[in-house]
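**Student:** Attaching a single structure in structure tokens format; questions to follow.
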Amino acid sequence: MTPVQSPEPVNCRQDGINDIVDKVRDGQRLSAQEGWRLYQTSDVEALHRAANDVRERRHGRRAYYVFNVHVNYSNVCVDSCMFCAFAKKEHEPGAYEMDLEEALSRTGALQNLPGSEVHIVGGLHPHFPYAYYIDLVRGIRERFPNVHIKAFTAVEIDHLARLSGKTWADVLRELKAVGLDSMPGGGAEILNDRVRRKLCADKITADQWLDVHRLAHRMGIRSNATMLFGHIERDEERIEHMIRLRDLQDETGGFMAFIPLRFHPANTRLARLPMASSSDVLRNIAVSRLMLDNFDHIKAYWTQVGLETARDAMNCGADDFDGTVVDERITHFAGARTPVGVTQDRLCALMREAGCIPVRRDSWYDEVEVFDR
Ligand code: SF4
């Protein structure tokens, strides 16, 4: 990977980004240093316009969403990441566990909805047996054969491997055999050792996160990639994160979407930090659209960034709202004031306000329904 140079003082010549916009228009790849300049520029309009041009070349005015339900099966976790408001220790007030039947029944909301998806993530539970995870995926596949199962971050895959004494490859193979379709992109945080040491030292390393996704892609399991921003990371570390993902995407082509996640400080050990502003959210969306030239989709995940900011992001490089997101808990434990689930009509109205054509997609981004009246 090209190392990001130490930031230089921004002068007038560096502040403009016309040369970078020209490179993007010519289809040339941006360097780390150019990515860093995109974070520094005061010409935000040019940044948003350039990212929107890329978005339009790829997707026109289409804006995507999916019917989905989240199953956060337990918040009990052996880890203690500083940015996490979701995790609890066993027996701590607020800790919860879903038995298999409860976890399965939550997916029932998707019955008879073609192209729908269940998104399953949770804490690293110290005692749930390996069979719980296998039975959960198998049970959903048997009961709801048409629902796409996107389950378990790279961090959870590593946890299941430790729990069972199996390799990552064994775990992925066994999950795939009972119905796993794809993996979510969580646990990436910032793929930089300095940041991870400070925020989540016990979590898998940046290299390991990438290795799990590399392995999954090689086994035919596609995935997403997230970036948690707005805490202690520096702009050059955000760029390093994107370039590491871009390099892996060159190698495997297995990522479907990139999802910048705004850090919500409330109820975390970093509660003193201010939350990143909407303009910072839009800048991250735009920079990622320009840097990640081999990613098809940039997602404005509305439960994290807010519905109105997600709408505005449709003109700054994003093309995907995520979905109806019934029963999301992780962001809401951190104080997100967005609704828990949103109707299709509300999502479509926001997309139209952004000048977009709402398109309901499946998890592979194949179009299920186009609302182009
Ligand atoms: S971010 Fe994940 S691994 Fe870290 S404490 Fe929270 S639930 Fe556990």
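So you can find residues: chains in the structure tokens are A, B, ... in the order shown, residues in each start at 1, and ligands are numbered from 1 in order.
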When the cut-off is 8 Å and you count only C-alpha atoms and all ligand atoms, which residues lie near ligand 1, shown as a list in words?

**Tutor:**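 For ligand 1, the residues inside 8 Å are Asn75, Val76, Cys77, Val78, Asp79, Ser80, Cys81, Met82, Phe83, Cys84, Ala85, Phe86, Ala87, Lys88, Gly122, Gly123, Leu124, Val155, Glu156, Gly187, Cys200 and Lys203 of chain A.
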
**Student:** Suppose we keep N, CA and C atoms; can you now write the selection as an mmCIF file, in the first residue's frame?

**Tutor:**
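Output file out-v2.cif follows:
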data_model
loop_
_atom_site.group_PDB
_atom_site.id
_atom_site.type_symbol
_atom_site.label_atom_id
_atom_site.label_comp_id
_atom_site.auth_asym_id
_atom_site.auth_seq_id
_atom_site.Cartn_x
_atom_site.Cartn_y
_atom_site.Cartn_z
ATOM 1 N N ASN A 75 -26.448 -9.009 23.300
ATOM 2 C CA ASN A 75 -25.469 -7.926 23.476
ATOM 3 C C ASN A 75 -24.392 -8.309 24.486
ATOM 4 N N VAL A 76 -24.394 -9.551 24.925
ATOM 5 C CA VAL A 76 -23.354 -10.000 25.861
ATOM 6 C C VAL A 76 -22.065 -10.201 25.074
ATOM 7 N N CYS A 77 -20.977 -9.602 25.581
ATOM 8 C CA CYS A 77 -19.749 -9.623 24.797
ATOM 9 C C CYS A 77 -18.537 -9.728 25.716
ATOM 10 N N VAL A 78 -17.587 -10.539 25.301
ATOM 11 C CA VAL A 78 -16.359 -10.686 26.088
ATOM 12 C C VAL A 78 -15.433 -9.491 25.877
ATOM 13 N N ASP A 79 -15.684 -8.734 24.841
ATOM 14 C CA ASP A 79 -14.802 -7.615 24.503
ATOM 15 C C ASP A 79 -15.327 -6.321 25.129
ATOM 16 N N SER A 80 -14.535 -5.282 25.100
ATOM 17 C CA SER A 80 -14.928 -4.003 25.711
ATOM 18 C C SER A 80 -14.421 -2.839 24.859
ATOM 19 N N CYS A 81 -14.864 -2.768 23.634
ATOM 20 C CA CYS A 81 -14.391 -1.704 22.741
ATOM 21 C C CYS A 81 -14.858 -0.346 23.281
ATOM 22 N N MET A 82 -13.970 0.634 23.211
ATOM 23 C CA MET A 82 -14.273 1.928 23.841
ATOM 24 C C MET A 82 -15.437 2.660 23.192
ATOM 25 N N PHE A 83 -15.696 2.361 21.924
ATOM 26 C CA PHE A 83 -16.734 3.096 21.195
ATOM 27 C C PHE A 83 -18.088 2.395 21.245
ATOM 28 N N CYS A 84 -18.201 1.324 22.042
ATOM 29 C CA CYS A 84 -19.396 0.487 21.967
ATOM 30 C C CYS A 84 -20.373 0.802 23.096
ATOM 31 N N ALA A 85 -21.617 1.089 22.735
ATOM 32 C CA ALA A 85 -22.666 1.309 23.730
ATOM 33 C C ALA A 85 -23.602 0.104 23.813
ATOM 34 N N PHE A 86 -23.337 -0.887 22.998
ATOM 35 C CA PHE A 86 -24.246 -2.019 22.850
ATOM 36 C C PHE A 86 -23.896 -3.151 23.817
ATOM 37 N N ALA A 87 -22.597 -3.385 23.993
ATOM 38 C CA ALA A 87 -22.169 -4.584 24.725
ATOM 39 C C ALA A 87 -22.423 -4.477 26.222
ATOM 40 N N LYS A 88 -22.761 -5.616 26.821
ATOM 41 C CA LYS A 88 -22.880 -5.749 28.280
ATOM 42 C C LYS A 88 -22.164 -7.028 28.687
ATOM 43 N N GLY A 122 -24.139 -9.727 16.542
ATOM 44 C CA GLY A 122 -24.317 -9.622 17.986
ATOM 45 C C GLY A 122 -22.985 -9.512 18.689
ATOM 46 N N GLY A 123 -23.022 -9.535 20.013
ATOM 47 C CA GLY A 123 -21.795 -9.496 20.795
ATOM 48 C C GLY A 123 -21.061 -10.838 20.727
ATOM 49 N N LEU A 124 -19.846 -10.854 21.265
ATOM 50 C CA LEU A 124 -19.052 -12.090 21.288
ATOM 51 C C LEU A 124 -19.407 -12.816 22.581
ATOM 52 N N VAL A 155 -15.228 -10.302 12.925
ATOM 53 C CA VAL A 155 -14.892 -10.432 14.343
ATOM 54 C C VAL A 155 -15.651 -11.626 14.943
ATOM 55 N N GLU A 156 -16.906 -11.775 14.579
ATOM 56 C CA GLU A 156 -17.688 -12.924 15.075
ATOM 57 C C GLU A 156 -17.171 -14.243 14.486
ATOM 58 N N GLY A 187 -17.002 -4.355 12.244
ATOM 59 C CA GLY A 187 -15.764 -4.747 12.913
ATOM 60 C C GLY A 187 -14.519 -4.181 12.263
ATOM 61 N N CYS A 200 -9.745 -0.658 20.562
ATOM 62 C CA CYS A 200 -10.269 -2.039 20.604
ATOM 63 C C CYS A 200 -9.096 -3.012 20.506
ATOM 64 N N LYS A 203 -9.582 -6.800 19.930
ATOM 65 C CA LYS A 203 -10.280 -7.241 18.713
ATOM 66 C C LYS A 203 -9.260 -7.767 17.705
#

**Student:** Within 10 Å of stretch 354-365 of chain A, counting only C-alpha atoms, which residues qualify if same-chain residues fewer than 5 places away don't, as a VMD selection string?

**Tutor:** chain A and resid 60 to 68 114 to 118 147 to 150 181 to 182 222 256 to 257 296 to 297 308 310 to 315 319 to 323 344 to 345 347 to 349 370 to 373

**Student:** Given the selection you just returned, output its residues as a file containing C-alpha atoms, formatted as a PDB file, in the first residue's frame.

**Tutor:**
ATOM      1  CA  GLY A  60     -27.782   7.313 -12.953  1.00  0.00           C
ATOM      2  CA  ARG A  61     -30.377   8.721 -10.550  1.00  0.00           C
ATOM      3  CA  ARG A  62     -31.266   5.333  -9.064  1.00  0.00           C
ATOM      4  CA  ALA A  63     -31.276   5.070  -5.252  1.00  0.00           C
ATOM      5  CA  TYR A  64     -31.445   1.609  -3.697  1.00  0.00           C
ATOM      6  CA  TYR A  65     -32.952   0.050  -0.605  1.00  0.00           C
ATOM      7  CA  VAL A  66     -33.853  -3.429   0.582  1.00  0.00           C
ATOM      8  CA  PHE A  67     -36.531  -4.921   2.822  1.00  0.00           C
ATOM      9  CA  ASN A  68     -34.537  -6.039   5.840  1.00  0.00           C
ATOM     10  CA  PRO A 114     -39.241 -11.279  -2.344  1.00  0.00           C
ATOM     11  CA  GLY A 115     -35.646 -10.037  -2.277  1.00  0.00           C
ATOM     12  CA  SER A 116     -35.624  -9.444   1.473  1.00  0.00           C
ATOM     13  CA  GLU A 117     -32.701  -9.863   3.856  1.00  0.00           C
ATOM     14  CA  VAL A 118     -32.032 -10.744   7.484  1.00  0.00           C
ATOM     15  CA  VAL A 147     -34.723 -14.700   2.624  1.00  0.00           C
ATOM     16  CA  HIS A 148     -31.090 -13.693   2.049  1.00  0.00           C
ATOM     17  CA  ILE A 149     -28.999 -14.417   5.153  1.00  0.00           C
ATOM     18  CA  LYS A 150     -26.264 -11.853   5.785  1.00  0.00           C
ATOM     19  CA  ASP A 181     -25.304 -16.027   1.803  1.00  0.00           C
ATOM     20  CA  SER A 182     -23.063 -13.080   2.627  1.00  0.00           C
ATOM     21  CA  ARG A 222     -19.398 -11.772  -0.703  1.00  0.00           C
ATOM     22  CA  MET A 256     -20.487  -5.168  -2.590  1.00  0.00           C
ATOM     23  CA  ALA A 257     -20.791  -1.877  -0.699  1.00  0.00           C
ATOM     24  CA  ASP A 296     -19.996  -0.482  -6.938  1.00  0.00           C
ATOM     25  CA  HIS A 297     -21.989   0.948  -4.057  1.00  0.00           C
ATOM     26  CA  GLU A 308     -32.241  13.637   6.112  1.00  0.00           C
ATOM     27  CA  ALA A 310     -28.890  10.009   4.038  1.00  0.00           C
ATOM     28  CA  ARG A 311     -31.157  11.839   1.604  1.00  0.00           C
ATOM     29  CA  ASP A 312     -28.537  14.562   1.078  1.00  0.00           C
ATOM     30  CA  ALA A 313     -25.846  11.921   0.637  1.00  0.00           C
ATOM     31  CA  MET A 314     -27.641  10.765  -2.533  1.00  0.00           C
ATOM     32  CA  ASN A 315     -26.183  13.894  -4.168  1.00  0.00           C
ATOM     33  CA  ASP A 319     -26.522   5.422  -4.028  1.00  0.00           C
ATOM     34  CA  ASP A 320     -27.938   3.162  -1.301  1.00  0.00           C
ATOM     35  CA  PHE A 321     -30.034   3.893   1.803  1.00  0.00           C
ATOM     36  CA  ASP A 322     -29.722   0.366   3.257  1.00  0.00           C
ATOM     37  CA  GLY A 323     -33.291  -0.645   4.049  1.00  0.00           C
ATOM     38  CA  GLN A 344     -41.000   1.884   2.302  1.00  0.00           C
ATOM     39  CA  ASP A 345     -43.129   4.973   1.573  1.00  0.00           C
ATOM     40  CA  LEU A 347     -37.744   5.895   2.200  1.00  0.00           C
ATOM     41  CA  CYS A 348     -39.113   6.434  -1.310  1.00  0.00           C
ATOM     42  CA  ALA A 349     -40.297   9.953  -0.426  1.00  0.00           C
ATOM     43  CA  VAL A 370     -38.490   0.335  -9.716  1.00  0.00           C
ATOM     44  CA  PHE A 371     -40.681   3.277  -8.721  1.00  0.00           C
ATOM     45  CA  ASP A 372     -40.083   5.471 -11.752  1.00  0.00           C
ATOM     46  CA  ARG A 373     -43.462   7.057 -12.193  1.00  0.00           C
TER      47      ARG A 373
END

**Student:** Extract, using only C-alpha atoms, all DNA, RNA and protein residues at most 9 Å from stretch 133-138 of chain A, discarding same-chain residues fewer than 3 positions from it, and format them as a compact mmCIF listing (two decimals) with N, CA and C atoms, in the first residue's frame.

**Tutor:**
# COMPACT_ATOMS: atom_id res chain seq x y z
N LEU A 100 -33.16 -19.39 20.33
CA LEU A 100 -33.22 -19.61 18.88
C LEU A 100 -34.60 -19.27 18.32
N GLU A 101 -35.64 -19.65 19.06
CA GLU A 101 -37.01 -19.45 18.55
C GLU A 101 -37.29 -17.96 18.40
N ALA A 103 -35.07 -15.54 17.94
CA ALA A 103 -34.26 -15.02 16.84
C ALA A 103 -34.88 -15.41 15.50
N LEU A 104 -35.38 -16.66 15.43
CA LEU A 104 -35.99 -17.11 14.18
C LEU A 104 -37.29 -16.37 13.89
N PHE A 128 -22.49 -19.04 24.43
CA PHE A 128 -23.36 -19.63 23.40
C PHE A 128 -22.57 -20.72 22.68
N PRO A 129 -23.15 -21.90 22.53
CA PRO A 129 -22.39 -22.96 21.85
C PRO A 129 -22.30 -22.68 20.34
N TYR A 130 -21.29 -23.22 19.74
CA TYR A 130 -21.12 -23.07 18.28
C TYR A 130 -22.40 -23.50 17.55
N ARG A 141 -32.90 -20.60 7.11
CA ARG A 141 -32.92 -21.11 5.74
C ARG A 141 -34.08 -22.08 5.54
N GLU A 142 -34.33 -22.93 6.54
CA GLU A 142 -35.41 -23.92 6.38
C GLU A 142 -36.78 -23.26 6.45
N ARG A 143 -36.93 -22.30 7.37
CA ARG A 143 -38.25 -21.70 7.57
C ARG A 143 -38.56 -20.62 6.53
N ILE A 149 -29.58 -14.43 3.80
CA ILE A 149 -29.00 -14.42 5.15
C ILE A 149 -27.62 -13.77 5.10
N ALA A 151 -24.89 -12.61 7.61
CA ALA A 151 -24.67 -12.84 9.05
C ALA A 151 -23.20 -12.87 9.43
N LEU A 160 -16.15 -17.39 16.68
CA LEU A 160 -16.69 -18.74 16.52
C LEU A 160 -15.57 -19.75 16.31
N GLU A 174 -18.93 -24.24 7.06
CA GLU A 174 -20.09 -24.84 7.72
C GLU A 174 -21.29 -23.89 7.73
N LEU A 175 -21.02 -22.61 7.91
CA LEU A 175 -22.13 -21.64 7.85
C LEU A 175 -22.71 -21.58 6.44
N LYS A 176 -21.83 -21.59 5.46
CA LYS A 176 -22.30 -21.54 4.06
C LYS A 176 -23.14 -22.78 3.74
N ALA A 177 -22.71 -23.91 4.25
CA ALA A 177 -23.42 -25.16 3.96
C ALA A 177 -24.85 -25.15 4.49
N VAL A 178 -25.08 -24.42 5.61
CA VAL A 178 -26.45 -24.41 6.16
C VAL A 178 -27.24 -23.18 5.70
N GLY A 179 -26.64 -22.29 4.91
CA GLY A 179 -27.47 -21.24 4.33
C GLY A 179 -26.93 -19.82 4.35
N LEU A 180 -25.73 -19.61 4.90
CA LEU A 180 -25.18 -18.24 4.90
C LEU A 180 -24.97 -17.77 3.46

**Student:** Give me the residues near A:Gly254 as number ranges by chain, where near means some atom within 12 Å (using only C-alpha atoms) and where sequence neighbours in that chain fewer than 6 positions away do not count.

**Tutor:** A: 182-185, 210, 212-225, 245-248, 294-296, 364

**Student:** Mind the document's chain letters and residue numbers, and return as a VMD selection string the residues of stretch 31-280 of chain A that DSSP labels alpha helix (DSSP H).

**Tutor:** chain A and resid 32 to 40 44 to 59 100 to 106 130 to 143 154 to 164 168 to 178 193 to 199 206 to 218 235 to 252 278 to 280

**Student:** Tell me, as a list of chain:residue names, which residues lie within 9 Å of A:Met227, counting only C-alpha atoms; anything in the same chain fewer than 4 positions away does not count.

**Tutor:**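 Near A:Met227, the qualifying residues are A:Gly185, A:Gly186, A:Gly187, A:Ala188, A:Glu189, A:Ile190, A:Leu191, A:Arg238, A:His241, A:Met242, A:Phe258, A:Ile259, A:Pro260, A:Leu261, A:Arg262.
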
**Student:** Any idea what the distance is between atom CA of A:Asp293 and atom CA of A:Gly317?

**Tutor:**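 Going from atom CA of A:Asp293 over to atom CA of A:Gly317, I get 11.6 Å.
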
**Student:** Nearest to A:Pro265: which of A:His231, A:Val305, A:Val171, A:Ser278 is it, counting only C-alpha atoms?

**Tutor:**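 Of A:His231, A:Val305, A:Val171, A:Ser278, the one nearest A:Pro265, counting only C-alpha atoms, is A:His231.
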
**Student:** For the strand (DSSP E or B) assignment from backbone DSSP, which residues of stretch 33-254 of chain A qualify? Please present them as a PyMOL selection string.

**Tutor:** chain A and resi 62-66+68-71+74+76+88+97+117-120+148-151+182-183+222-229
